[in-house]
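Listing of query-v3.cif; format and content: mmCIF, C-alpha atoms.
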data_entry
#
loop_
_atom_site.label_atom_id
_atom_site.label_comp_id
_atom_site.auth_asym_id
_atom_site.auth_seq_id
_atom_site.Cartn_x
_atom_site.Cartn_y
_atom_site.Cartn_z
CA MET F 1 9.44 -21.16 -2.95
CA LYS F 2 6.19 -21.30 -4.85
CA GLY F 3 3.88 -23.59 -6.70
CA ALA F 4 4.11 -24.18 -10.44
CA ASP F 5 2.48 -20.91 -11.44
CA GLY F 6 1.84 -19.52 -7.98
CA MET F 7 2.73 -16.27 -6.37
CA THR F 8 5.25 -16.43 -3.54
CA ALA F 9 4.22 -15.51 -0.01
CA LYS F 10 6.72 -12.66 -0.08
CA GLU F 11 5.23 -11.28 -3.32
CA TYR F 12 1.72 -11.52 -1.92
CA LEU F 13 2.54 -10.01 1.46
CA SER F 14 4.56 -7.23 -0.18
CA GLU F 15 1.42 -6.06 -1.99
CA LEU F 16 0.52 -4.08 1.14
CA GLN F 17 3.67 -1.97 0.84
CA PHE F 18 3.03 -1.48 -2.87
CA MET F 19 -0.49 -0.28 -2.08
CA LYS F 20 0.82 2.12 0.60
CA THR F 21 3.33 3.50 -1.89
CA ARG F 22 0.63 4.04 -4.50
CA ILE F 23 -1.55 5.90 -1.97
CA GLY F 24 1.40 8.08 -0.98
CA GLN F 25 2.09 8.95 -4.60
CA LEU F 26 -1.55 9.89 -5.18
CA GLN F 27 -1.44 12.12 -2.10
CA GLU F 28 1.69 13.82 -3.46
CA GLN F 29 -0.04 14.33 -6.80
CA LYS F 30 -3.08 15.81 -5.05
CA GLN F 31 -0.79 18.19 -3.14
CA MET F 32 0.82 19.26 -6.42
CA PHE F 33 -2.59 20.14 -7.88
CA LEU F 34 -3.55 21.94 -4.65
CA GLU F 35 -0.42 24.06 -4.88
CA MET F 36 -1.11 24.69 -8.55
CA ALA F 37 -4.70 25.76 -7.82
CA THR F 38 -3.71 28.08 -4.97
CA SER F 39 -0.84 29.66 -6.89
CA ILE F 40 -3.06 30.67 -9.80
CA THR F 41 -4.70 34.05 -9.24
CA ALA F 42 -8.06 35.04 -10.62
CA PRO F 43 -8.22 38.02 -12.96
CA VAL F 44 -8.65 41.42 -11.31
CA ASN F 45 -10.69 42.99 -14.13
CA PRO F 46 -14.35 42.13 -13.35
CA VAL F 47 -15.58 43.49 -16.71
CA LYS F 48 -14.23 40.56 -18.73
CA VAL F 49 -16.90 37.97 -19.37
CA GLN F 50 -14.81 35.35 -21.10
CA THR F 51 -12.71 33.22 -18.74
CA THR F 52 -8.98 33.56 -18.87
CA PRO F 53 -6.57 30.67 -19.23
CA LYS F 54 -5.51 31.16 -15.59
CA VAL F 55 -9.06 30.63 -14.32
CA ASP F 56 -9.43 27.60 -16.59
CA ARG F 57 -6.16 26.19 -15.24
CA MET F 58 -7.39 26.74 -11.70
CA ALA F 59 -10.69 24.99 -12.45
CA ASP F 60 -8.80 22.13 -14.12
CA ALA F 61 -6.49 21.79 -11.11
CA VAL F 62 -9.45 21.73 -8.70
CA ALA F 63 -11.25 19.13 -10.85
CA LYS F 64 -8.13 16.96 -11.00
CA MET F 65 -7.75 17.26 -7.22
CA ALA F 66 -11.32 16.04 -6.76
CA ASP F 67 -10.69 13.08 -9.08
CA ILE F 68 -7.48 12.20 -7.27
CA GLU F 69 -9.21 12.51 -3.87
CA LYS F 70 -11.87 10.02 -5.01
CA HIS F 71 -9.15 7.68 -6.29
CA ILE F 72 -7.28 8.00 -2.97
CA ASP F 73 -10.45 7.10 -1.06
CA GLU F 74 -10.93 4.02 -3.24
CA GLU F 75 -7.27 2.98 -2.84
CA VAL F 76 -7.40 3.45 0.95
CA ALA F 77 -10.57 1.35 1.19
CA ALA F 78 -8.97 -1.40 -0.92
CA TYR F 79 -5.81 -1.20 1.19
CA TYR F 80 -7.65 -1.65 4.49
CA GLU F 81 -9.72 -4.50 3.09
CA HIS F 82 -6.56 -6.24 1.87
CA GLU F 83 -4.75 -5.52 5.14
CA CYS F 84 -7.54 -7.19 7.15
CA GLN F 85 -7.43 -10.20 4.83
CA VAL F 86 -3.62 -10.46 5.14
CA MET F 87 -3.80 -10.19 8.93
CA GLN F 88 -6.31 -13.04 9.08
CA GLN F 89 -4.15 -15.14 6.77
CA ILE F 90 -1.05 -14.49 8.87
CA GLN F 91 -2.96 -15.36 12.04
CA ALA F 92 -3.90 -18.71 10.48
CA LEU F 93 -0.28 -19.85 10.89
CA HIS F 94 0.41 -22.25 13.72
CA LYS F 95 3.49 -20.72 15.36
CA VAL F 96 3.40 -17.50 17.33
CA LYS F 97 6.88 -16.43 16.17
CA TYR F 98 5.78 -16.84 12.53
CA VAL F 99 2.71 -14.70 13.13
CA GLN F 100 4.73 -12.05 14.96
CA MET F 101 7.44 -11.92 12.31
CA LEU F 102 5.16 -11.70 9.28
CA PHE F 103 2.90 -9.16 10.98
CA LYS F 104 5.78 -6.88 11.91
CA VAL F 105 7.56 -7.13 8.56
CA TYR F 106 4.62 -7.02 6.14
CA VAL F 107 1.76 -5.28 7.96
CA GLN F 108 3.75 -2.87 10.11
CA ASN F 109 6.47 -2.54 7.44
CA LYS F 110 9.35 -3.05 9.86
CA SER F 111 12.71 -4.47 8.93
CA ILE F 112 13.60 -7.98 10.03
CA TYR F 113 16.24 -6.39 12.27
CA VAL F 114 13.67 -4.21 14.08
CA ALA F 115 11.20 -7.10 14.27
CA ALA F 116 13.92 -9.27 15.84
CA LYS F 117 14.55 -6.67 18.54
CA GLU F 118 10.83 -6.32 19.27
CA ILE F 119 10.28 -10.08 19.42
CA ASP F 120 13.48 -10.36 21.49
CA ILE F 121 15.35 -12.79 19.26
CA SER F 122 18.70 -12.57 17.50
CA TYR F 123 18.87 -11.18 13.99
CA THR F 124 20.22 -14.49 12.66
CA TYR F 125 17.34 -16.39 14.24
CA ALA F 126 14.90 -13.76 12.91
CA ILE F 127 16.08 -14.41 9.35
CA GLU F 128 15.52 -18.13 9.88
CA ILE F 129 12.06 -17.52 11.38
CA HIS F 130 11.18 -15.20 8.50
CA LYS F 131 12.10 -17.84 5.89
CA LYS F 132 10.21 -20.56 7.75
CA ALA F 133 7.20 -18.29 8.25
CA LEU F 134 7.06 -17.52 4.52
CA ALA F 135 7.30 -21.24 3.72
CA GLU F 136 4.51 -21.99 6.21
CA PHE F 137 2.37 -19.19 4.74
CA GLU F 138 2.85 -20.69 1.26
CA LYS F 139 1.91 -24.13 2.55
CA VAL F 140 -1.21 -22.97 4.40
CA HIS F 141 -2.38 -20.62 1.64
CA ALA F 142 -1.13 -22.50 -1.45
CA ASP F 143 -4.49 -22.49 -3.23
CA MET F 144 -5.00 -18.77 -2.74
CA LEU F 145 -1.45 -17.97 -3.90
CA ASN F 146 -1.90 -20.10 -7.03
CA GLU F 147 -5.19 -18.35 -7.82
CA ARG F 148 -3.64 -14.91 -7.29
CA LYS F 149 -0.92 -15.51 -9.86
CA ALA F 150 -3.25 -17.13 -12.37
CA GLY F 151 -5.99 -14.52 -11.90
#

If you convert what's in this file into structure tokens, what do you get?
Amino acid sequence: MKGADGMTAKEYLSELQFMKTRIGQLQEQKQMFLEMATSITAPVNPVKVQTTPKVDRMADAVAKMADIEKHIDEEVAAYYEHECQVMQQIQALHKVKYVQMLFKVYVQNKSIYVAAKEIDISYTYAIEIHKKALAEFEKVHADMLNERKAG
């Protein structure tokens, strides 16, 4: 369910997981450069003035790690800002079960099955609540969802 050119609630809410994944991948990349930098040994001969390719590779790895660390910091800040916005938007819904379900599934990244257990409802009912909650989210935030897709 969505407007003419709008983003669905599920697409919008799933952005949090996409952002988490991107941050995780950047952290893995940073770790790779850290391992690369620490596995490269400096030359033992102190007489050489010109740098060796190994030292250059180590400096490159350290520089790339610093760039990635800055990018991670920016991504984490954007993630937390978006997470706060999503939480407020979810809390704008009018039924407690809708708020609980969307929060558990999209903010806490739990499966509908786990969310059902935690909310103490059947899995079948949880699926129904999830669908209704997404529809309610789309209704309440239709303008924002339409702008997100267009922009």

Run through the PyMOL selection byres ((chain F and resi 36) around 12) on the given coordinates and return the selected residues as a PDB file with C-alpha atoms, in the frame of the given file.
ATOM      1  CA  GLN F  29      -0.040  14.330  -6.800  1.00  0.00           C
ATOM      2  CA  LYS F  30      -3.080  15.810  -5.050  1.00  0.00           C
ATOM      3  CA  GLN F  31      -0.790  18.190  -3.140  1.00  0.00           C
ATOM      4  CA  MET F  32       0.820  19.260  -6.420  1.00  0.00           C
ATOM      5  CA  PHE F  33      -2.590  20.140  -7.880  1.00  0.00           C
ATOM      6  CA  LEU F  34      -3.550  21.940  -4.650  1.00  0.00           C
ATOM      7  CA  GLU F  35      -0.420  24.060  -4.880  1.00  0.00           C
ATOM      8  CA  ALA F  37      -4.700  25.760  -7.820  1.00  0.00           C
ATOM      9  CA  THR F  38      -3.710  28.080  -4.970  1.00  0.00           C
ATOM     10  CA  SER F  39      -0.840  29.660  -6.890  1.00  0.00           C
ATOM     11  CA  ILE F  40      -3.060  30.670  -9.800  1.00  0.00           C
ATOM     12  CA  THR F  41      -4.700  34.050  -9.240  1.00  0.00           C
ATOM     13  CA  LYS F  54      -5.510  31.160 -15.590  1.00  0.00           C
ATOM     14  CA  VAL F  55      -9.060  30.630 -14.320  1.00  0.00           C
ATOM     15  CA  ASP F  56      -9.430  27.600 -16.590  1.00  0.00           C
ATOM     16  CA  ARG F  57      -6.160  26.190 -15.240  1.00  0.00           C
ATOM     17  CA  MET F  58      -7.390  26.740 -11.700  1.00  0.00           C
ATOM     18  CA  ALA F  59     -10.690  24.990 -12.450  1.00  0.00           C
ATOM     19  CA  ASP F  60      -8.800  22.130 -14.120  1.00  0.00           C
ATOM     20  CA  ALA F  61      -6.490  21.790 -11.110  1.00  0.00           C
ATOM     21  CA  VAL F  62      -9.450  21.730  -8.700  1.00  0.00           C
ATOM     22  CA  ALA F  63     -11.250  19.130 -10.850  1.00  0.00           C
ATOM     23  CA  LYS F  64      -8.130  16.960 -11.000  1.00  0.00           C
ATOM     24  CA  MET F  65      -7.750  17.260  -7.220  1.00  0.00           C
TER      25      MET F  65
END

_Let me make sure I understand: among F:Asn109, F:Asp143, F:Met101, F:Asp67, which one has the smallest atom-to-atom distance to Lys20 of chain F if we use only C-alpha atoms?_
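The shortest atom-to-atom distance to Lys20 of chain F comes from F:Asn109.
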
*May I ask for the distance between atom CA of Ile23 of chain F and atom CA of Glu75 of chain F, given in Å to one decimal place?*
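Result for atom CA of Ile23 of chain F versus atom CA of Glu75 of chain F: 6.5 Å, one decimal.
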
*Please, what distance in Å, to one decimal, runs between atom CA of Leu16 of chain F and atom CA of Glu138 of chain F?*
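Computing the Euclidean distance for atom CA of Leu16 of chain F and atom CA of Glu138 of chain F yields 16.8 Å.
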
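Take atom CA of Glu11 of chain F and atom CA of Lys110 of chain F: the distance between them is 16.1 Å.
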
*Pick the closest to Glu136 of chain F from F:Ala66, F:Val105, F:Ala9, F:Leu26: which is it, counting all atoms listed in the file?*
F:Ala9

*Using only C-alpha atoms, pick whichever of F:Met7, F:Leu13, F:Val114, F:Met144 has the shortest atom-to-atom distance to Val86 of chain F.*
F:Leu13

_For the PyMOL selection byres ((chain F and resi 115-129) around 12), applied here, can you spell out every residue it catches as a PyMOL selection string?_
chain F and resi 95-114+130-137

Would you put the residues from that selection into a file with C-alpha atoms, as an mmCIF file, keeping the file's coordinate frame?
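After the write, out_18.cif holds the following:
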data_model
loop_
_atom_site.group_PDB
_atom_site.id
_atom_site.type_symbol
_atom_site.label_atom_id
_atom_site.label_comp_id
_atom_site.auth_asym_id
_atom_site.auth_seq_id
_atom_site.Cartn_x
_atom_site.Cartn_y
_atom_site.Cartn_z
ATOM 1 C CA LYS F 95 3.490 -20.720 15.360
ATOM 2 C CA VAL F 96 3.400 -17.500 17.330
ATOM 3 C CA LYS F 97 6.880 -16.430 16.170
ATOM 4 C CA TYR F 98 5.780 -16.840 12.530
ATOM 5 C CA VAL F 99 2.710 -14.700 13.130
ATOM 6 C CA GLN F 100 4.730 -12.050 14.960
ATOM 7 C CA MET F 101 7.440 -11.920 12.310
ATOM 8 C CA LEU F 102 5.160 -11.700 9.280
ATOM 9 C CA PHE F 103 2.900 -9.160 10.980
ATOM 10 C CA LYS F 104 5.780 -6.880 11.910
ATOM 11 C CA VAL F 105 7.560 -7.130 8.560
ATOM 12 C CA TYR F 106 4.620 -7.020 6.140
ATOM 13 C CA VAL F 107 1.760 -5.280 7.960
ATOM 14 C CA GLN F 108 3.750 -2.870 10.110
ATOM 15 C CA ASN F 109 6.470 -2.540 7.440
ATOM 16 C CA LYS F 110 9.350 -3.050 9.860
ATOM 17 C CA SER F 111 12.710 -4.470 8.930
ATOM 18 C CA ILE F 112 13.600 -7.980 10.030
ATOM 19 C CA TYR F 113 16.240 -6.390 12.270
ATOM 20 C CA VAL F 114 13.670 -4.210 14.080
ATOM 21 C CA HIS F 130 11.180 -15.200 8.500
ATOM 22 C CA LYS F 131 12.100 -17.840 5.890
ATOM 23 C CA LYS F 132 10.210 -20.560 7.750
ATOM 24 C CA ALA F 133 7.200 -18.290 8.250
ATOM 25 C CA LEU F 134 7.060 -17.520 4.520
ATOM 26 C CA ALA F 135 7.300 -21.240 3.720
ATOM 27 C CA GLU F 136 4.510 -21.990 6.210
ATOM 28 C CA PHE F 137 2.370 -19.190 4.740
#

*Kindly indicate which residue among F:Ile90, F:His82, F:His71, F:Asn146 lies nearest to Gln25 of chain F, using all atoms listed in the file for the distances.*
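Residue with the minimum atom-to-atom distance to Gln25 of chain F: F:His71.
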